[in-house]
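The structure appears below as structure tokens.
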Amino acid sequence: MSRIGVLVCHCGENIGRTVDCASVARALGDLPGVAHAADYKYMCSDPGQLLVKQAIAEKKLDGVVVAACSPRMHEKTFRRACASAGMNAFLCEMANIREHCSWIHESRGDATEKAIALARAIVEKVKRNQPLSPIRIPIERRALVIGGGIAGIQAALDIAEGGREVVLVEKEPSIGGHMSQLSETFPTLDCSQCILTPRMVEAYQHPGIKLLAYSEVESVSGYIGNFEVKVRRKARSVDETRCNGCGECQAACPNKKIPSEFEQGLGKRSAIYVPFPQAVPNIPVIDRAHCALFRGRAKGLKKDACSKCKEACGRQAVDFDQQDTFTTVKVGAVVVATGYQLYSVGKQQPSDKLKGYGEYGYGTIPDVIDGLQFERLASASGPTGGKILRPSDGKEPKKIVFLQCIGSRDPAKGIEYCSKVCCMYVAKHTMLYRHKVHDGKAYVFYMDVRAAGKGYEEFARRAVEEEGAIYLRGRVSKLERTGNAIKVHGFDTLSGRPMVIDADMVVLATAMRPQPGIEALAQKLSVSCDGHGFINEAHPKLRPVETNTAGVFVAGACQAPRDIPDSVAMASGAASKVLGLFSNEELERDPTVAVVDETGCAGCFHCERVCPYGAVERKEIKDRKGVLLKVVATVNKGVCQGCGTCQATCPSKNVELQGFTDEQIFAAISAL
Amino acid sequence: MVSEVASGAKAEFEPKIVAFVCNWCTYTGADLAGTSRLQMAPNVRVVRLPCTGRIDPLFITKAFEGGADGVIVSGCHPADCHYTAGNYHARRRFAIFRDLLDFMGVDVRRTTFSWVSASEGGKWRDVVNDTTARVKQLGPFAEYQGLSVAPPPARSQAPASGEWESSPRGRDTP
């Protein structure tokens with residue numbers, strides 16, 4: 001016979017007002033197997049917890065039911081109290097008679113009756129509870145950071161500075177991300193490259209960081225503390241160990257007309273190229289889609305069409321036969337920092353949900369550009385050497401119209417959210433423009449100016465009050481090319497008048513979207529994305545850098561639109577979470593995991609198919625002579641998260657979720 | 001006068017409804033309903049499980065057998081499952097199980113399958129109230145009662161346990 005103790009809490013008046021706690025305790029005290037029943041005003045207080053401990057010692061209890069608030073609130077508290085009294089913590093459970101009873105019912109009779117039933121069900125369950133002990137798993141104390149933008153670099157540096165190894169994977173030939181494309185940054189107008197490139201070099205040279213540039217995550221298996229990640233190292237066609245970054249190959253390449261991705265199409269590059277002069281690592285890559293040699297090979301030409309770069313290379317680093325290779329790294333934690341892409345404004349859209357802005361003529365009117373293109377024009381290292389010149393005729397624009405919220409806050413075009421950074425960078429753009437073209441006029445069509453951040457509001461005001469930007473509250477319906485100018489048809493809602501501006505150039509502040517391929521990556525990592533593809537954090541307020549998969553953390557604009565300070569703060573937050581995890585040699589986990597009864601398992605592996613985590617493995621049972629008897633399922637306790645889908649699926653009921661076994665639940669149902 | 005009201009209230013059938021909910025969405029949503037003091041019918045009793053994927057169809061038959069007049073199954077919305085896919089498995093399972101229930105003679109209107117997220121306390125109240133009202137209209141579900149080998153709530157009135165064990169299962173339906 002069990003010896004269960006039932007402790008009913010009044011929660012001051014919260015439960016006691018509608019539930020007659022004394023009669024709940026009396027009714028439960030009469031149940032078979034209940035050795036002790038009492039009620040108390042505040043069970044979670046120190047004296048209340050002392051009552052629990054005393055009851056365990058004096059009545060020699062082998063199970064405790066606390067009928068009080070939600071187990072989400074105080075289960076840990078009472079389990080800890082029970083453990084300190086020498087009882088196994090998992091023999092203590094809570095019946096929720098506050099959130100699920102006293103707070104939602106008015107009739108004292110009904111509430112009391114329901115409270116008795118709820119507590120009775122838990123008593124029956126606890127009678128069948130087994131003592132469990134937390135699972136311990138060793139931790140591989142090395143981290144993987146996916147994405148080498150400012151967030152990824154910051155996370156990698158912080159973890160490496162904390163004394164743990166980092167593998168930094170970047171899909172582009174160079175790290176640096178979007179921040180390396182920016183000219184100056186708000187609200188201080190620091191030169192972006194000047195503050196970023198030292199960090200890039202630091203990350204590259206740090207003995208604790210292994211940089212895998214031009215690489216992508218191919219597959220991920222394992223679980224917190226023990227991930228195994230396969231990384232595809234894309235073929236650069238250049239031997240990284242031989243190349244010294246002299247640049248002779250680029251000079252020799254005859255095809256120099258390829259639109260540069262780094263310059264947002266405003267500049268050109270060769271087929272063998274380094275994305276930008278400060279690239280880290282400073283090793284070129286051959287763009288096989290544009291290289292004459294590879295195009296020839298793809299067409300089946302016997303003779304190589306060109307090998308000028310190879311001939312120019314003094315170190316024999318160019319290798320046309322290089323193939324993709326794979327490396328496997330074992331890591332204990334993953335930081336996802338894949339960043340963003342801009343909403344593409346044209347008619348071509350990646351999904352039906354996104355509508356684009358055909359009416360703005362982006363792509364057909366050459367002088368309609370997006371924010372990142374303006375950054376390149378304004379950048380000293382950009383295609384114009386820092387001069388603001390029109391892409392169409394290279395003339396200095398005297399009138400620029402900036403349009404905010406292109407894509408953002410526009411559900412009709414598929415995105416409801418605010419991209420957060422555009423108000424600030426448009427203000428910055430107007431300033432950069434006015435600093436370079438003193439007689440130029442900058443107009444801004446805006447919906448609201450959202451300048452929340454340290455020094456941000458002051459910065460945005462400065463654009464208007466000191467730099468003379470003209471802010472017009474309203475939207476633009478159409479952009480039209482008339483001769484050399486662009487007719488901007490807008491509406492100023494504050495004066496209530498339609499506005500037509502003949503602009504020389506229009507800059508669209510387009511929305512931030514997650515990187516393409518984020519959903520596939522999220523699937524590899526078993527983390528979820530929101531409707532837009534941004535990675536979901538574990539809790540929007542209290543766990544902003546964790547994901548729902550233990551050991552996978554998130555930083556920067558892959559989680560939501562973020563500016564640089566936010567991304568860096570998030571990256572440091574994620575890094576500190578990783579270091580916190582790595583400060584343990586072993587990991588302690590809740591033992592709510594599935595266990596297979598191997599004697600009964602028939603080896604149908606339905607459980608293997610339904611397990612969302614791949615926690616079910618196959619195990620061969622052999623006799624003493626080594627003859628195979630059967631293959632059964634076995635659950636990897638480190639991987640299992642305890643959903644119990646396997647148990648509900650098992651036809652022979654030979655897998656059980658500890659803490660939620662069929663026996664326990666049937667007993668609880670029957671007692672309700 | 002008072003006694004009339006009391007007897008009138010007594011005459012109304014108060015169903016017992018068992019709810020199987022997942023820990024992460026609906027249980028938390030029900031907690032939120034409590035925290036927000038949303039008043040609702042007292043007929044629903046919640047069984048907390050880690051995930052709707054854990055809910056075995058047998059739990060539902062067991063609940064009916066144990067005297068429940070209705071059953072609610074509720075978990076995370078599609079794509080919101082804490083365990084990525086448990087709710088999808090549950091959805092497929094219960095889409096089929098409803099037909100079986102119907103075949104077994106259980107009016108499927110006694111069952112409610114819904115998604116209630118952790119932020120939908122109001123929706124949880126509606127699910128509870130709607131199900132209670134519907135089951136009230138359908139009346140008590142007595143067909144399965146007595147099938148149980150040992151129904152614990154009525155233990156004191158039940159015959160001696162020896163008789164329960166010796167009587168063949170299913171024969172002693174009243």
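Following the order of the structure tokens, first chain is A, next is B, and so on, with residues numbered from 1 inside each chain and ligands from 1 in the order they appear.
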
Within 8 Å of chain A: residues of chain B, using only C-alpha atoms, as a ChimeraX atom specification: /B:18,30-35,37-43,45-47,49-57,59,62-63,66,79-80,82-86,89,151-153

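Taking stretch 19-92 of chain B and asking which residues DSSP calls strand (DSSP E or B) on the backbone, you get Ala19, Phe20, Val21, Cys22, Val44, Arg45, Val46, Val47, Arg48, Leu49, Gly70, Val71, Ile72, Val73, Ser74 and Gly75 of chain B.
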
Can you tell me, as a PyMOL selection string, what residues are no more than 12 Å from A:Asp410 when counting only C-alpha atoms, ignoring any on the same chain fewer than 5 positions away? chain A and resi 353-357+404-405+415-419+447+475+510-511

Can you pull out every residue within 9 Å of B:Val116, counting only C-alpha atoms, but drop anything in the same chain fewer than 2 positions away, and send it as a PyMOL selection string? chain B and resi 25-27+29-30+74-77+114+118-121+123-124+127

Selected residues, N, CA and C atoms, written as a CSV table (one decimal), in the first residue's frame, please.
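After the write, part-v2.csv holds the following:
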chain,number,residue,atom,x,y,z
B,25,CYS,N,1.0,24.1,-24.9
B,25,CYS,CA,0.1,25.0,-25.5
B,25,CYS,C,-1.2,25.1,-24.6
B,26,THR,N,-2.0,24.0,-24.7
B,26,THR,CA,-3.3,24.1,-24.2
B,26,THR,C,-3.3,24.2,-22.6
B,27,TYR,N,-2.4,23.4,-22.0
B,27,TYR,CA,-2.4,23.5,-20.5
B,27,TYR,C,-2.0,24.9,-20.1
B,29,GLY,N,-2.5,27.6,-21.9
B,29,GLY,CA,-3.6,28.4,-22.3
B,29,GLY,C,-4.7,28.4,-21.2
B,30,ALA,N,-4.9,27.2,-20.7
B,30,ALA,CA,-5.9,27.0,-19.6
B,30,ALA,C,-5.4,27.7,-18.3
B,74,SER,N,-6.9,18.6,-26.9
B,74,SER,CA,-6.5,19.9,-27.4
B,74,SER,C,-5.0,20.0,-27.3
B,75,GLY,N,-4.3,20.6,-28.3
B,75,GLY,CA,-2.9,20.8,-28.2
B,75,GLY,C,-2.5,22.1,-29.0
B,76,CYS,N,-1.2,22.1,-29.4
B,76,CYS,CA,-0.7,23.2,-30.1
B,76,CYS,C,-1.2,23.3,-31.5
B,77,HIS,N,-1.3,24.5,-32.0
B,77,HIS,CA,-1.7,24.7,-33.4
B,77,HIS,C,-0.7,24.0,-34.4
B,114,SER,N,-9.4,20.3,-30.7
B,114,SER,CA,-9.2,21.7,-31.0
B,114,SER,C,-7.7,22.0,-30.8
B,118,ALA,N,-0.9,28.7,-26.1
B,118,ALA,CA,-0.6,29.2,-24.8
B,118,ALA,C,-1.2,30.6,-24.6
B,119,SER,N,-1.5,31.3,-25.6
B,119,SER,CA,-2.0,32.7,-25.5
B,119,SER,C,-3.5,32.8,-25.6
B,120,GLU,N,-4.2,31.6,-25.8
B,120,GLU,CA,-5.6,31.6,-26.1
B,120,GLU,C,-6.5,31.2,-24.9
B,121,GLY,N,-6.3,31.9,-23.8
B,121,GLY,CA,-7.2,31.6,-22.7
B,121,GLY,C,-8.6,31.7,-23.0
B,123,LYS,N,-10.1,31.3,-25.9
B,123,LYS,CA,-10.5,30.2,-26.8
B,123,LYS,C,-10.7,28.9,-25.9
B,124,TRP,N,-9.9,28.8,-24.9
B,124,TRP,CA,-10.0,27.6,-24.0
B,124,TRP,C,-11.4,27.7,-23.3
B,127,VAL,N,-14.0,26.7,-25.8
B,127,VAL,CA,-14.0,25.2,-26.0
B,127,VAL,C,-14.7,24.5,-24.9

Please list as a compact mmCIF listing (two decimals) with C-alpha atoms, in the first residue's frame every residue within 12 Å of A:Val632, counting only C-alpha atoms and excluding residues in the same chain fewer than 4 positions away.
# COMPACT_ATOMS: atom_id res chain seq x y z
CA VAL A 595 12.18 3.63 -22.47
CA VAL A 596 11.70 0.47 -24.54
CA ASP A 597 10.88 -2.86 -22.98
CA GLU A 598 13.19 -4.94 -25.14
CA THR A 599 11.67 -8.26 -24.18
CA GLY A 600 8.33 -7.32 -25.66
CA CYS A 601 9.46 -5.14 -28.57
CA ALA A 602 8.61 -6.83 -31.84
CA GLY A 603 10.84 -4.57 -33.88
CA CYS A 604 8.14 -3.00 -36.06
CA PHE A 605 9.82 0.43 -35.72
CA HIS A 606 6.64 2.44 -35.95
CA CYS A 607 8.19 4.45 -33.13
CA GLU A 608 11.25 5.14 -35.26
CA VAL A 616 14.82 5.76 -31.71
CA GLU A 617 17.71 3.55 -32.70
CA ARG A 618 17.96 -0.09 -33.67
CA LYS A 619 19.67 -2.54 -31.40
CA GLU A 620 20.58 -6.12 -32.14
CA ILE A 621 19.90 -8.71 -29.48
CA LYS A 622 22.25 -11.64 -29.70
CA LEU A 628 21.25 -12.59 -33.85
CA ASN A 654 6.38 -1.80 -25.17
CA VAL A 655 7.71 1.71 -25.07

Residues within 9 Å of stretch 242-246 of chain A, only C-alpha atoms, excluding chain neighbours under 6 positions, as a short mmCIF file (atom, residue, chain, number, x, y, z; two decimals) with N, CA and C atoms, in the first residue's frame:
data_model
loop_
_atom_site.label_atom_id
_atom_site.label_comp_id
_atom_site.auth_asym_id
_atom_site.auth_seq_id
_atom_site.Cartn_x
_atom_site.Cartn_y
_atom_site.Cartn_z
N VAL A 274 37.77 38.13 -55.62
CA VAL A 274 37.62 38.28 -54.19
C VAL A 274 36.48 39.28 -54.03
N PRO A 281 38.60 35.17 -45.59
CA PRO A 281 40.00 35.13 -46.01
C PRO A 281 40.17 35.78 -47.38
N ASN A 282 41.34 36.32 -47.61
CA ASN A 282 41.60 37.03 -48.86
C ASN A 282 42.04 36.02 -49.93
N ILE A 283 41.11 35.15 -50.26
CA ILE A 283 41.40 34.08 -51.22
C ILE A 283 40.31 34.12 -52.29
N PRO A 284 40.69 34.19 -53.55
CA PRO A 284 39.65 34.29 -54.59
C PRO A 284 38.87 32.99 -54.78
N CYS A 313 48.94 32.73 -61.97
CA CYS A 313 49.21 32.44 -60.55
C CYS A 313 50.62 31.91 -60.38
N ARG A 315 51.86 30.75 -57.69
CA ARG A 315 51.95 29.74 -56.64
C ARG A 315 51.19 28.46 -56.96
N GLN A 316 50.77 28.35 -58.20
CA GLN A 316 50.00 27.17 -58.64
C GLN A 316 48.82 26.87 -57.71
N ALA A 317 48.15 27.93 -57.31
CA ALA A 317 47.04 27.73 -56.38
C ALA A 317 45.72 27.45 -57.09
N VAL A 318 45.63 27.90 -58.36
CA VAL A 318 44.36 27.70 -59.07
C VAL A 318 44.21 26.23 -59.46
#

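The two atoms in question, atom CA of A:Ser192 and atom CA of A:Phe276, are spaced 13.9 Å apart.
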
Can you list, as a PyMOL selection string, every protein, DNA or RNA residue that comes within 6 Å of A:Ala143 when you count only C-alpha atoms, leaving out same-chain residues fewer than 3 positions away? chain A and resi 166+331-334

Pick out each residue of stretch 263-426 of chain A that DSSP on the backbone tags as alpha helix (DSSP H); I need them as a PyMOL selection string. chain A and resi 292-299+308-312+371-378+422-426

Grab the atom CA of A:Arg17 to atom CA of A:Ala67 distance for me, in Å with one decimal place. 14.9 Å

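Among B:Val73, B:Val106, B:Ile17, B:Val128, the residue with the shortest atom-to-atom distance to B:Arg91, counting only C-alpha atoms, is B:Val73.
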
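Between atom CA of A:Arg461 and atom CA of A:Cys194 the interatomic distance comes to 25.7 Å.
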
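Closest approach to A:Met179 among A:Gln323, A:Thr634, A:Gln559, A:Ser379 is made by A:Ser379 (distances from only C-alpha atoms).
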
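Between B:Asp126 and the candidates B:Ala142, B:Glu65, B:Lys16, B:Val44, the tightest atom-to-atom separation, counting only C-alpha atoms, involves B:Val44.
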
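Closest approach to A:Arg236 from the set A:Glu170, A:Asp319, A:Glu467, A:Glu457 is made by A:Asp319, with distances taken over only C-alpha atoms.
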